[in-house]
Amino acid sequence: MNNKAILEIRELKKYFPTKRKNVYIKAVDGISFDIEPSDTFGLVGESGSGKSTTAYCTIGMYSISSGRITYTGKDISVPAKKRPLSLKKEIQIVFQDPGTSLNPEHTVGRIISLPLKIHMNLKGSALRDAAVDALDKVELPSDYYYKYPREIGGGEKQLVAIARALAAKPSLVILDEPTSALDVSVQAKIISTLRKLKEDLSLSFLFITHDLSLMRNIATRIAIMYLGKIVEVGPVEVLFSNPLHPYTKMLLSSIPVVTEAEESLKPKQIESKGEIPSPVNIPPGCGFQSRCPFVMSVCKVTDPPIRAISEDHMVKCHLFEGAIKT
Amino acid sequence: MGFAKCSLVERDSMENILEVKDLKVSFKSYDGLLKVLDGVKLQIRKGEKVGLVGETGCGKTTTLKAIMKILARNAIIEDGSILFKDRDIIKSRERELKYLRTKGISMIFQDPTAALNPVYTLGQQLDYILLHSGVDHNRKEAALQALHTARLPDPERMYETYPFQLSGGMRQRACIAMALATNRDLLLADEPTTNLDVTIQDQVLKLLKKLSLERELSLLLITHSLGVAREVTDRIYIMYAGTIIETDSSKTLFENPCHPYTKGLLASLPKLTADKMTEGIPGRIPSYLNPPNGCRFNNRCPYATDRCLKEKPRMFKIDDNHMVACFLFEDGEGQT
Amino acid sequence: MNKTNSQKALRRERIRTDIARAWYNFSRSKLSVVGLVVVSIIVFFAIFAPFVSPYPEHSGAYVDFKNASNPPSLNNWCGTDVFGRDVLSRVIFAFRGALTMGIVVLIISVPLGTAVGLLGGYFSGTWIETIVMRITDVFLSIPPLILALAIAAMLRPTLMNAMIAICVSWWPWYARLVYGMAASLRNEPFIKAAELSGASTLRIMFFEMLPNFKGPVFTKMTLDMGWVILTGASLSFVGLGEQPPIPALGTMVSDGAKYLPTYWWISIFPAIAIMVIILSFNLLGDGIREMLSGGER
């Protein structure tokens, strides 16, 4: 038990049933990590990695198949409808696509007022003032109160989504690829706004993205996910200066960069090949075996356990046999 | 000979596959006339890979649609010409464009799922394309060859596969196979890897590069990702609010960006080196309804002068490859 | 800080732009405007029937055998029927029953159907959906005419009973329509976001989902006015519904049918009236659909 942690995930599993009996989609297959207050914990992975599913389990959109989620020491491993209102207030989420996460028939003011009405019981002019306040905090002009989502740009819509998430004053905010659908310059504005808000309101973030360059700039700790498992986790500087897992290296070498300086930081020896296997038909052993340039015979038989290389850098790979087991 | 090494001067003597000259396109809307494209100029040589980079709303898709002649009904081409192999597409009628559609240009789109017909196998779709391109016999062989070129594993099996059985990366490769089933002069790619995972994106981009080299295929790649453009193309055009504002060879553009917009964009990018990310570029793109006189970037530019408010800068030469549409670089003087 | 004048001004501006845009989208098609005009005329005539019709007393129990079965003339633009009553006046008065039927049926079946559809759609995937939608299916399979005959056999044939019969068989169509839309909206991120904010089920159904359906529902309502009136005319054609001497379009058609083709005007003008009503509501409905869904960027 980590007494400092605001969120603890232990051996989380989420399996989705398929039409065939006893065949499941193992979206998340036993992951564990902690988020400490004021962390920006980054969850990195491609499609099929299970990162969004992890987020949705944490917020309660999905019920979990097994494992435990603990928030400030209290067990919260139940879906949202069974959670008390006070808990819903504490953990909030910002979705990837601002186009579909805002009700197209509601004005911005009404969208932001909803959590204020529910969690803080505000009415009338107090409600309106609080909503305008929330707009102010994300640096949107107050006359946006009467605008519809279709009348504002993608970045501004996402700011509205952020204002909505922060309206009820949560402590932990989950951000599921919040800038992936946005332009570069708009992304920069959103990220800087998020940074400011995190400091002003003492928030912790669970930040999900596939963009490693972005992670490098905002995360404090990062976990790399592949096929439902965490394959490497550690502080951001350590992970980028000394990436260990072959998949981490493959990810890093695939990033399209813009400067020579960045090119020199990319691992040269791993070229991306192959595709993620279907999550229904996972072969025994390590999930990465079909694409790994260093695959050994043991990889096809046994799934490696996650091992600590140093105090806070862990990796799940047979190449690092000699390390301490956790 | 790599195009990065050719200067513009040398290129003048090489064959132009596509040349867009002073293209002005507007759209009729409820609120009035949207003057989107304001004199777009670009060229693609035989075998050259060109990137058109810009953010949402800058007009890159409109440019693409103008080239393919698939603009919406409320579009008006006010001025300019699009020369494909020295023949003006705008002035040509649809039936004159038969060459264009069957052997000249082909296109791949951002969403491969939407671009593939879900009720036909890849083989059936390839067959259809080959038939309409005038291939009479040995279509199956040609189809299998196309699938193989696009690096799809087990082409015989792929021939009988439906799109829904494939992953996103495979679908995009299927689209590439279809686009290049017959030999084409120019491939237009509209954000082809935006919806793909980054490791798959890497594979697809390398494939495009390889095919372009092997077949002397010209490529026009539209993207909002500067990194992708840099990796794949020989030359990049940066587009803003309906105008080309800077162009240079891919290798040098981001080492020496000149236009304030390009610089602002580059500074906003998160980098692996963890250099500071700026807060983006203040302001918004101007309304196309009432575009500003002068330079369209003038409301957001930290260096804007009175002249920028009245006069629109033309492209000024920095060196043989590098041109910028900004008064700061008139006569080769000014800040770099 | 109360609602300042600038906020009030913004609100007014918002409403003004919404109305202007709605009208622009609606009036893009000239036919929709024609529909609107004709429907307005029909409604006006129905309300002010005693003042608009040339011979208002002919709408009740009136006989004038000297002037019976006169062809259309300057005195009687649509001729007279076998009792000497002015056909035009009776048609105008018949609008009242027709519109009343349309309004009452829709006022009952639309809210009922919508609520059922919302319930089925929100709880899609659960037993609630199954029960609700199967009940809807049962009602869908009942033909309105047969049901009306059955009700008339049990009770007296009156306008009220005809309306009840039509309501019973009309609401399921709205349930189906709303159910389909609600079920597909169920998993949209903005609905999930509302749930995760702690909104109650009722709030989500009526305040988050429902506003998204106003396009299809209002369009269907407008088109349905015509169809309900036609169904009502079919019922009164066979003698159910409004009883004589109160004029009803269907009754007038059926009464005059035996005199075709000699005294053609007795049936034809009421029939034309039915056609005009349905056509104009259809055109209006098209315009409403454009207004509520068209013009979104």
# chains A, B, ... in the order shown; residues from 1 in each chain; ligands from 1
call {"tool": "closest_atom_pairs", "arguments": {"of": "chain A", "to": "chain B", "cutoff": "10 Å", "atoms": "only C-alpha atoms", "output": "tab-separated table"}}
result
residue	atom	partner	partner_atom	distance
A:Gly45	CA	B:Asp197	CA	8.9
A:Glu46	CA	B:Asp197	CA	5.7
A:Ser47	CA	B:Asp197	CA	6.6
A:Gly48	CA	B:Asp197	CA	9.9
A:Gly153	CA	B:Arg284	CA	9.6
A:Gly154	CA	B:Thr56	CA	9.4
A:Ser180	CA	B:Thr194	CA	9.6
A:Ala181	CA	B:Thr194	CA	9.5
A:Leu182	CA	B:Thr56	CA	8.3
A:Asp183	CA	B:Glu55	CA	5.8
A:Val184	CA	B:Leu269	CA	6.3
A:Ser185	CA	B:Gly280	CA	4.4
A:Val186	CA	B:Gly280	CA	6.2
A:Gln187	CA	B:Gly280	CA	7.5
A:Ala188	CA	B:Gly280	CA	4.8
A:Lys189	CA	B:Glu279	CA	4.8
A:Ile190	CA	B:Glu279	CA	8.1
A:Ile191	CA	B:Glu279	CA	7.8
A:Ser192	CA	B:Glu279	CA	5.8
A:Thr193	CA	B:Glu279	CA	8.4
A:His210	CA	B:Val198	CA	7.5
A:Asp211	CA	B:Val198	CA	8.1
A:Leu212	CA	B:Leu272	CA	7.7
A:Ser213	CA	B:Leu272	CA	5.0
A:Leu214	CA	B:Pro270	CA	5.2
A:Met215	CA	B:Pro270	CA	8.4
A:Arg216	CA	B:Ala274	CA	6.1
A:Asn217	CA	B:Ala274	CA	5.4
A:Ile218	CA	B:Ala274	CA	9.0
A:Glu237	CA	B:Ala274	CA	9.6
A:Phe240	CA	B:Leu272	CA	8.4
A:Tyr247	CA	B:Thr199	CA	9.7
A:Met250	CA	B:Thr199	CA	7.3
A:Leu251	CA	B:Thr199	CA	6.1
A:Leu252	CA	B:Thr199	CA	9.0
A:Ser253	CA	B:Thr199	CA	8.5
A:Ser254	CA	B:Asp202	CA	5.5
A:Ile255	CA	B:Val198	CA	6.7
A:Pro256	CA	B:Gly227	CA	4.4
A:Val257	CA	B:Gly227	CA	4.5
A:Val258	CA	B:Gly227	CA	4.9
A:Thr259	CA	B:Phe254	CA	6.6
A:Glu260	CA	B:Glu255	CA	8.0
A:Ala261	CA	B:Thr273	CA	7.2
A:Glu262	CA	B:Leu272	CA	5.6
A:Glu263	CA	B:Leu272	CA	8.7
A:Ser264	CA	B:Thr273	CA	9.6
A:Leu265	CA	B:Leu272	CA	7.3
A:Lys266	CA	B:Leu272	CA	8.4
A:Glu271	CA	B:Gln203	CA	8.7
A:Ser272	CA	B:Thr199	CA	5.6
A:Lys273	CA	B:Gln203	CA	7.0
A:Gly274	CA	B:Ile200	CA	8.1
A:Glu275	CA	B:Ile200	CA	7.3
A:Ile276	CA	B:Ser167	CA	9.3
A:Pro277	CA	B:Ser167	CA	9.8
A:Ser278	CA	B:Ser167	CA	9.3
call {"tool": "residues_around", "arguments": {"residues": "region 138-154 of chain B", "least_positions_apart": "4", "cutoff": "10 Å", "atoms": "only C-alpha atoms", "output": "number ranges by chain"}}
result
B: 122-131, 158-159, 169-182, 203-204, 207-208, 210-211
call {"tool": "write_last_selection", "arguments": {"atoms": "C-alpha atoms", "output": "PDB file, in the first residue's frame"}}
result
ATOM      1  CA  LEU B 122     -10.116  -6.262 -52.243  1.00  0.00           C
ATOM      2  CA  GLY B 123      -9.819  -8.381 -55.338  1.00  0.00           C
ATOM      3  CA  GLN B 124     -13.168  -7.236 -56.681  1.00  0.00           C
ATOM      4  CA  GLN B 125     -12.359  -3.594 -56.039  1.00  0.00           C
ATOM      5  CA  LEU B 126      -8.956  -3.886 -57.681  1.00  0.00           C
ATOM      6  CA  ASP B 127     -10.494  -5.633 -60.650  1.00  0.00           C
ATOM      7  CA  TYR B 128     -12.968  -2.817 -61.095  1.00  0.00           C
ATOM      8  CA  ILE B 129     -10.226  -0.229 -61.069  1.00  0.00           C
ATOM      9  CA  LEU B 130      -8.082  -2.166 -63.523  1.00  0.00           C
ATOM     10  CA  LEU B 131     -11.030  -2.720 -65.835  1.00  0.00           C
ATOM     11  CA  MET B 158      -5.827 -10.680 -49.445  1.00  0.00           C
ATOM     12  CA  TYR B 159      -7.479 -10.885 -52.836  1.00  0.00           C
ATOM     13  CA  GLY B 169      -2.847  -0.038 -41.360  1.00  0.00           C
ATOM     14  CA  MET B 170      -3.708  -2.851 -43.753  1.00  0.00           C
ATOM     15  CA  ARG B 171      -6.700  -0.948 -45.066  1.00  0.00           C
ATOM     16  CA  GLN B 172      -4.541   2.034 -45.865  1.00  0.00           C
ATOM     17  CA  ARG B 173      -2.107  -0.257 -47.617  1.00  0.00           C
ATOM     18  CA  ALA B 174      -5.041  -1.671 -49.579  1.00  0.00           C
ATOM     19  CA  CYS B 175      -5.909   1.864 -50.609  1.00  0.00           C
ATOM     20  CA  ILE B 176      -2.331   2.400 -51.739  1.00  0.00           C
ATOM     21  CA  ALA B 177      -2.523  -0.823 -53.735  1.00  0.00           C
ATOM     22  CA  MET B 178      -5.644   0.443 -55.450  1.00  0.00           C
ATOM     23  CA  ALA B 179      -4.220   3.866 -56.077  1.00  0.00           C
ATOM     24  CA  LEU B 180      -1.132   2.404 -57.683  1.00  0.00           C
ATOM     25  CA  ALA B 181      -2.666  -0.630 -59.378  1.00  0.00           C
ATOM     26  CA  THR B 182      -1.943   1.049 -62.655  1.00  0.00           C
ATOM     27  CA  GLN B 203       5.736   1.687 -42.010  1.00  0.00           C
ATOM     28  CA  VAL B 204       3.189   3.236 -44.373  1.00  0.00           C
ATOM     29  CA  LEU B 207       6.352   2.394 -48.147  1.00  0.00           C
ATOM     30  CA  LEU B 208       5.188   5.560 -49.878  1.00  0.00           C
ATOM     31  CA  LYS B 210       9.988   3.558 -51.505  1.00  0.00           C
ATOM     32  CA  LEU B 211       7.243   3.375 -54.123  1.00  0.00           C
TER      33      LEU B 211
END
call {"tool": "interface_residues", "arguments": {"of": "chain B", "to": "chain C", "cutoff": "10 Å", "atoms": "only C-alpha atoms", "output": "PyMOL selection string"}}
result
chain B and resi 29-31
call {"tool": "write_last_selection", "arguments": {"atoms": "N, CA and C atoms", "output": "PDB file, in the first residue's frame"}}
result
ATOM      1  N   SER B  29     -21.805  31.074 -49.306  1.00  0.00           N
ATOM      2  CA  SER B  29     -22.401  30.546 -48.084  1.00  0.00           C
ATOM      3  C   SER B  29     -23.498  31.460 -47.603  1.00  0.00           C
ATOM      4  N   TYR B  30     -24.180  31.043 -46.540  1.00  0.00           N
ATOM      5  CA  TYR B  30     -25.261  31.816 -45.941  1.00  0.00           C
ATOM      6  C   TYR B  30     -24.821  33.228 -45.611  1.00  0.00           C
ATOM      7  N   ASP B  31     -23.588  33.342 -45.079  1.00  0.00           N
ATOM      8  CA  ASP B  31     -23.151  34.655 -44.627  1.00  0.00           C
ATOM      9  C   ASP B  31     -22.523  35.497 -45.727  1.00  0.00           C
TER      10      ASP B  31
END
call {"tool": "interface_residues", "arguments": {"of": "chain C", "to": "chain A", "cutoff": "9 Å", "atoms": "only C-alpha atoms", "output": "PyMOL selection string"}}
result
chain C and resi 1-3+6-7+10-11+14+188-199+208-209+211-212+296-297
call {"tool": "write_last_selection", "arguments": {"atoms": "N, CA and C atoms", "output": "mmCIF file, in the first residue's frame"}}
result
data_model
loop_
_atom_site.group_PDB
_atom_site.id
_atom_site.type_symbol
_atom_site.label_atom_id
_atom_site.label_comp_id
_atom_site.auth_asym_id
_atom_site.auth_seq_id
_atom_site.Cartn_x
_atom_site.Cartn_y
_atom_site.Cartn_z
ATOM 1 N N MET C 1 -23.002 39.954 -8.744
ATOM 2 C CA MET C 1 -23.053 40.379 -10.150
ATOM 3 C C MET C 1 -24.256 39.744 -10.828
ATOM 4 N N ASN C 2 -25.319 40.510 -10.976
ATOM 5 C CA ASN C 2 -26.515 39.970 -11.605
ATOM 6 C C ASN C 2 -26.362 39.919 -13.108
ATOM 7 N N LYS C 3 -27.382 39.396 -13.746
ATOM 8 C CA LYS C 3 -27.328 39.310 -15.200
ATOM 9 C C LYS C 3 -27.233 40.740 -15.729
ATOM 10 N N SER C 6 -25.306 43.580 -20.713
ATOM 11 C CA SER C 6 -24.599 42.984 -21.852
ATOM 12 C C SER C 6 -24.979 41.516 -22.004
ATOM 13 N N GLN C 7 -25.191 40.839 -20.868
ATOM 14 C CA GLN C 7 -25.593 39.438 -20.935
ATOM 15 C C GLN C 7 -26.979 39.334 -21.554
ATOM 16 N N LEU C 10 -26.676 39.831 -25.168
ATOM 17 C CA LEU C 10 -26.145 38.628 -25.815
ATOM 18 C C LEU C 10 -27.238 37.604 -26.024
ATOM 19 N N ARG C 11 -28.062 37.473 -25.010
ATOM 20 C CA ARG C 11 -29.120 36.482 -25.074
ATOM 21 C C ARG C 11 -30.085 36.828 -26.205
ATOM 22 N N ARG C 14 -28.530 36.125 -29.501
ATOM 23 C CA ARG C 14 -28.546 34.686 -29.745
ATOM 24 C C ARG C 14 -29.882 34.266 -30.333
ATOM 25 N N GLU C 188 -22.776 8.027 -26.936
ATOM 26 C CA GLU C 188 -22.000 9.182 -27.364
ATOM 27 C C GLU C 188 -21.272 9.776 -26.163
ATOM 28 N N PRO C 189 -20.076 10.291 -26.400
ATOM 29 C CA PRO C 189 -19.317 10.848 -25.268
ATOM 30 C C PRO C 189 -20.060 11.903 -24.460
ATOM 31 N N PHE C 190 -20.875 12.740 -25.105
ATOM 32 C CA PHE C 190 -21.477 13.801 -24.285
ATOM 33 C C PHE C 190 -22.536 13.245 -23.346
ATOM 34 N N ILE C 191 -23.138 12.130 -23.711
ATOM 35 C CA ILE C 191 -24.081 11.510 -22.787
ATOM 36 C C ILE C 191 -23.310 10.858 -21.645
ATOM 37 N N LYS C 192 -22.212 10.193 -22.005
ATOM 38 C CA LYS C 192 -21.387 9.600 -20.966
ATOM 39 C C LYS C 192 -20.877 10.663 -20.011
ATOM 40 N N ALA C 193 -20.493 11.798 -20.599
ATOM 41 C CA ALA C 193 -19.968 12.888 -19.758
ATOM 42 C C ALA C 193 -21.033 13.351 -18.768
ATOM 43 N N ALA C 194 -22.269 13.437 -19.232
ATOM 44 C CA ALA C 194 -23.342 13.862 -18.334
ATOM 45 C C ALA C 194 -23.542 12.846 -17.221
ATOM 46 N N GLU C 195 -23.501 11.555 -17.596
ATOM 47 C CA GLU C 195 -23.649 10.523 -16.563
ATOM 48 C C GLU C 195 -22.542 10.616 -15.540
ATOM 49 N N LEU C 196 -21.301 10.783 -16.052
ATOM 50 C CA LEU C 196 -20.167 10.816 -15.142
ATOM 51 C C LEU C 196 -20.176 12.067 -14.273
ATOM 52 N N SER C 197 -20.896 13.108 -14.738
ATOM 53 C CA SER C 197 -21.024 14.300 -13.901
ATOM 54 C C SER C 197 -22.025 14.064 -12.801
ATOM 55 N N GLY C 198 -22.771 12.970 -12.903
ATOM 56 C CA GLY C 198 -23.720 12.656 -11.854
ATOM 57 C C GLY C 198 -25.160 12.990 -12.204
ATOM 58 N N ALA C 199 -25.455 13.280 -13.482
ATOM 59 C CA ALA C 199 -26.826 13.629 -13.846
ATOM 60 C C ALA C 199 -27.740 12.422 -13.682
ATOM 61 N N GLU C 208 -30.799 15.964 -22.005
ATOM 62 C CA GLU C 208 -29.590 15.782 -22.801
ATOM 63 C C GLU C 208 -29.911 15.139 -24.146
ATOM 64 N N MET C 209 -30.734 14.102 -24.124
ATOM 65 C CA MET C 209 -31.027 13.400 -25.368
ATOM 66 C C MET C 209 -32.110 14.097 -26.181
ATOM 67 N N PRO C 211 -33.395 17.093 -26.708
ATOM 68 C CA PRO C 211 -33.197 18.244 -27.592
ATOM 69 C C PRO C 211 -32.574 17.879 -28.927
ATOM 70 N N ASN C 212 -31.871 16.750 -28.961
ATOM 71 C CA ASN C 212 -31.237 16.349 -30.214
ATOM 72 C C ASN C 212 -32.219 15.759 -31.203
ATOM 73 N N GLU C 296 -26.276 23.389 -41.023
ATOM 74 C CA GLU C 296 -25.269 23.243 -39.964
ATOM 75 C C GLU C 296 -23.936 22.967 -40.618
ATOM 76 N N ARG C 297 -22.950 23.692 -40.220
ATOM 77 C CA ARG C 297 -21.650 23.554 -40.886
ATOM 78 C C ARG C 297 -21.019 22.222 -40.566
#
call {"tool": "residues_around", "arguments": {"residues": "Arg96 (chain C)", "least_positions_apart": "2", "cutoff": "9 Å", "atoms": "only C-alpha atoms", "output": "list in words"}}
result
Val43, Phe45, Ala46, Ile47, Ala49, Ile92, Phe93, Ala94, Ala98, Leu99, Thr100, Met101 and Ala248 of chain C
call {"tool": "closest_residue", "arguments": {"among": "A:Tyr56, A:Ile112, A:Glu156, A:Ile230", "to": "Phe33 (chain A)", "atoms": "only C-alpha atoms"}}
result
A:Ile230
call {"tool": "decode", "arguments": {"residues": "region 48-75 of chain C", "atoms": "N, CA and C atoms", "output": "PDB file, in the first residue's frame"}}
result
ATOM      1  N   PHE C  48     -61.885  31.018 -38.107  1.00  0.00           N
ATOM      2  CA  PHE C  48     -62.878  32.048 -38.378  1.00  0.00           C
ATOM      3  C   PHE C  48     -63.946  31.573 -39.354  1.00  0.00           C
ATOM      4  N   ALA C  49     -64.228  30.280 -39.334  1.00  0.00           N
ATOM      5  CA  ALA C  49     -65.183  29.705 -40.280  1.00  0.00           C
ATOM      6  C   ALA C  49     -66.497  30.479 -40.365  1.00  0.00           C
ATOM      7  N   PRO C  50     -67.120  30.832 -39.217  1.00  0.00           N
ATOM      8  CA  PRO C  50     -68.415  31.526 -39.323  1.00  0.00           C
ATOM      9  C   PRO C  50     -68.307  32.859 -40.075  1.00  0.00           C
ATOM     10  N   PHE C  51     -67.100  33.476 -40.037  1.00  0.00           N
ATOM     11  CA  PHE C  51     -66.983  34.787 -40.674  1.00  0.00           C
ATOM     12  C   PHE C  51     -66.480  34.685 -42.110  1.00  0.00           C
ATOM     13  N   VAL C  52     -65.799  33.574 -42.393  1.00  0.00           N
ATOM     14  CA  VAL C  52     -65.187  33.471 -43.709  1.00  0.00           C
ATOM     15  C   VAL C  52     -66.113  32.793 -44.718  1.00  0.00           C
ATOM     16  N   SER C  53     -66.892  31.846 -44.236  1.00  0.00           N
ATOM     17  CA  SER C  53     -67.680  31.087 -45.210  1.00  0.00           C
ATOM     18  C   SER C  53     -68.896  31.897 -45.654  1.00  0.00           C
ATOM     19  N   PRO C  54     -69.281  31.763 -46.916  1.00  0.00           N
ATOM     20  CA  PRO C  54     -70.384  32.549 -47.477  1.00  0.00           C
ATOM     21  C   PRO C  54     -71.736  32.239 -46.814  1.00  0.00           C
ATOM     22  N   TYR C  55     -71.966  30.968 -46.456  1.00  0.00           N
ATOM     23  CA  TYR C  55     -73.264  30.611 -45.890  1.00  0.00           C
ATOM     24  C   TYR C  55     -73.055  29.822 -44.610  1.00  0.00           C
ATOM     25  N   PRO C  56     -72.653  30.482 -43.505  1.00  0.00           N
ATOM     26  CA  PRO C  56     -72.300  29.744 -42.292  1.00  0.00           C
ATOM     27  C   PRO C  56     -73.423  28.861 -41.767  1.00  0.00           C
ATOM     28  N   GLU C  57     -74.674  29.243 -41.990  1.00  0.00           N
ATOM     29  CA  GLU C  57     -75.758  28.442 -41.424  1.00  0.00           C
ATOM     30  C   GLU C  57     -75.897  27.100 -42.125  1.00  0.00           C
ATOM     31  N   HIS C  58     -75.297  26.973 -43.317  1.00  0.00           N
ATOM     32  CA  HIS C  58     -75.396  25.693 -44.023  1.00  0.00           C
ATOM     33  C   HIS C  58     -74.595  24.591 -43.351  1.00  0.00           C
ATOM     34  N   SER C  59     -73.783  24.971 -42.348  1.00  0.00           N
ATOM     35  CA  SER C  59     -72.961  23.950 -41.702  1.00  0.00           C
ATOM     36  C   SER C  59     -73.763  23.128 -40.711  1.00  0.00           C
ATOM     37  N   GLY C  60     -74.935  23.574 -40.415  1.00  0.00           N
ATOM     38  CA  GLY C  60     -75.739  22.811 -39.449  1.00  0.00           C
ATOM     39  C   GLY C  60     -76.894  22.119 -40.140  1.00  0.00           C
ATOM     40  N   ALA C  61     -77.992  21.990 -39.410  1.00  0.00           N
ATOM     41  CA  ALA C  61     -79.163  21.336 -39.999  1.00  0.00           C
ATOM     42  C   ALA C  61     -79.903  22.366 -40.816  1.00  0.00           C
ATOM     43  N   TYR C  62     -79.724  22.266 -42.115  1.00  0.00           N
ATOM     44  CA  TYR C  62     -80.327  23.269 -43.012  1.00  0.00           C
ATOM     45  C   TYR C  62     -80.779  22.568 -44.264  1.00  0.00           C
ATOM     46  N   VAL C  63     -81.942  22.901 -44.728  1.00  0.00           N
ATOM     47  CA  VAL C  63     -82.356  22.309 -46.009  1.00  0.00           C
ATOM     48  C   VAL C  63     -82.944  23.389 -46.889  1.00  0.00           C
ATOM     49  N   ASP C  64     -82.715  23.247 -48.143  1.00  0.00           N
ATOM     50  CA  ASP C  64     -83.295  24.177 -49.128  1.00  0.00           C
ATOM     51  C   ASP C  64     -83.412  23.423 -50.434  1.00  0.00           C
ATOM     52  N   PHE C  65     -84.474  22.652 -50.543  1.00  0.00           N
ATOM     53  CA  PHE C  65     -84.544  21.757 -51.703  1.00  0.00           C
ATOM     54  C   PHE C  65     -84.689  22.487 -53.017  1.00  0.00           C
ATOM     55  N   LYS C  66     -85.096  23.763 -52.942  1.00  0.00           N
ATOM     56  CA  LYS C  66     -85.187  24.501 -54.212  1.00  0.00           C
ATOM     57  C   LYS C  66     -83.811  24.647 -54.823  1.00  0.00           C
ATOM     58  N   ASN C  67     -82.790  24.763 -53.947  1.00  0.00           N
ATOM     59  CA  ASN C  67     -81.435  24.980 -54.465  1.00  0.00           C
ATOM     60  C   ASN C  67     -80.557  23.757 -54.381  1.00  0.00           C
ATOM     61  N   ALA C  68     -81.227  22.569 -54.270  1.00  0.00           N
ATOM     62  CA  ALA C  68     -80.411  21.366 -54.103  1.00  0.00           C
ATOM     63  C   ALA C  68     -79.668  21.014 -55.390  1.00  0.00           C
ATOM     64  N   SER C  69     -78.478  20.425 -55.212  1.00  0.00           N
ATOM     65  CA  SER C  69     -77.690  19.881 -56.326  1.00  0.00           C
ATOM     66  C   SER C  69     -77.450  20.890 -57.440  1.00  0.00           C
ATOM     67  N   ASN C  70     -77.179  22.120 -57.086  1.00  0.00           N
ATOM     68  CA  ASN C  70     -76.829  23.123 -58.098  1.00  0.00           C
ATOM     69  C   ASN C  70     -75.354  23.000 -58.421  1.00  0.00           C
ATOM     70  N   PRO C  71     -74.989  23.071 -59.682  1.00  0.00           N
ATOM     71  CA  PRO C  71     -73.570  23.039 -60.047  1.00  0.00           C
ATOM     72  C   PRO C  71     -72.899  24.331 -59.597  1.00  0.00           C
ATOM     73  N   PRO C  72     -71.543  24.362 -59.623  1.00  0.00           N
ATOM     74  CA  PRO C  72     -70.824  25.557 -59.177  1.00  0.00           C
ATOM     75  C   PRO C  72     -71.285  26.776 -59.956  1.00  0.00           C
ATOM     76  N   SER C  73     -71.554  27.855 -59.256  1.00  0.00           N
ATOM     77  CA  SER C  73     -72.055  29.078 -59.885  1.00  0.00           C
ATOM     78  C   SER C  73     -71.506  30.253 -59.119  1.00  0.00           C
ATOM     79  N   LEU C  74     -71.903  31.441 -59.488  1.00  0.00           N
ATOM     80  CA  LEU C  74     -71.433  32.630 -58.777  1.00  0.00           C
ATOM     81  C   LEU C  74     -71.963  32.641 -57.346  1.00  0.00           C
ATOM     82  N   ASN C  75     -73.166  32.127 -57.139  1.00  0.00           N
ATOM     83  CA  ASN C  75     -73.715  32.104 -55.788  1.00  0.00           C
ATOM     84  C   ASN C  75     -73.014  31.080 -54.915  1.00  0.00           C
TER      85      ASN C  75
END
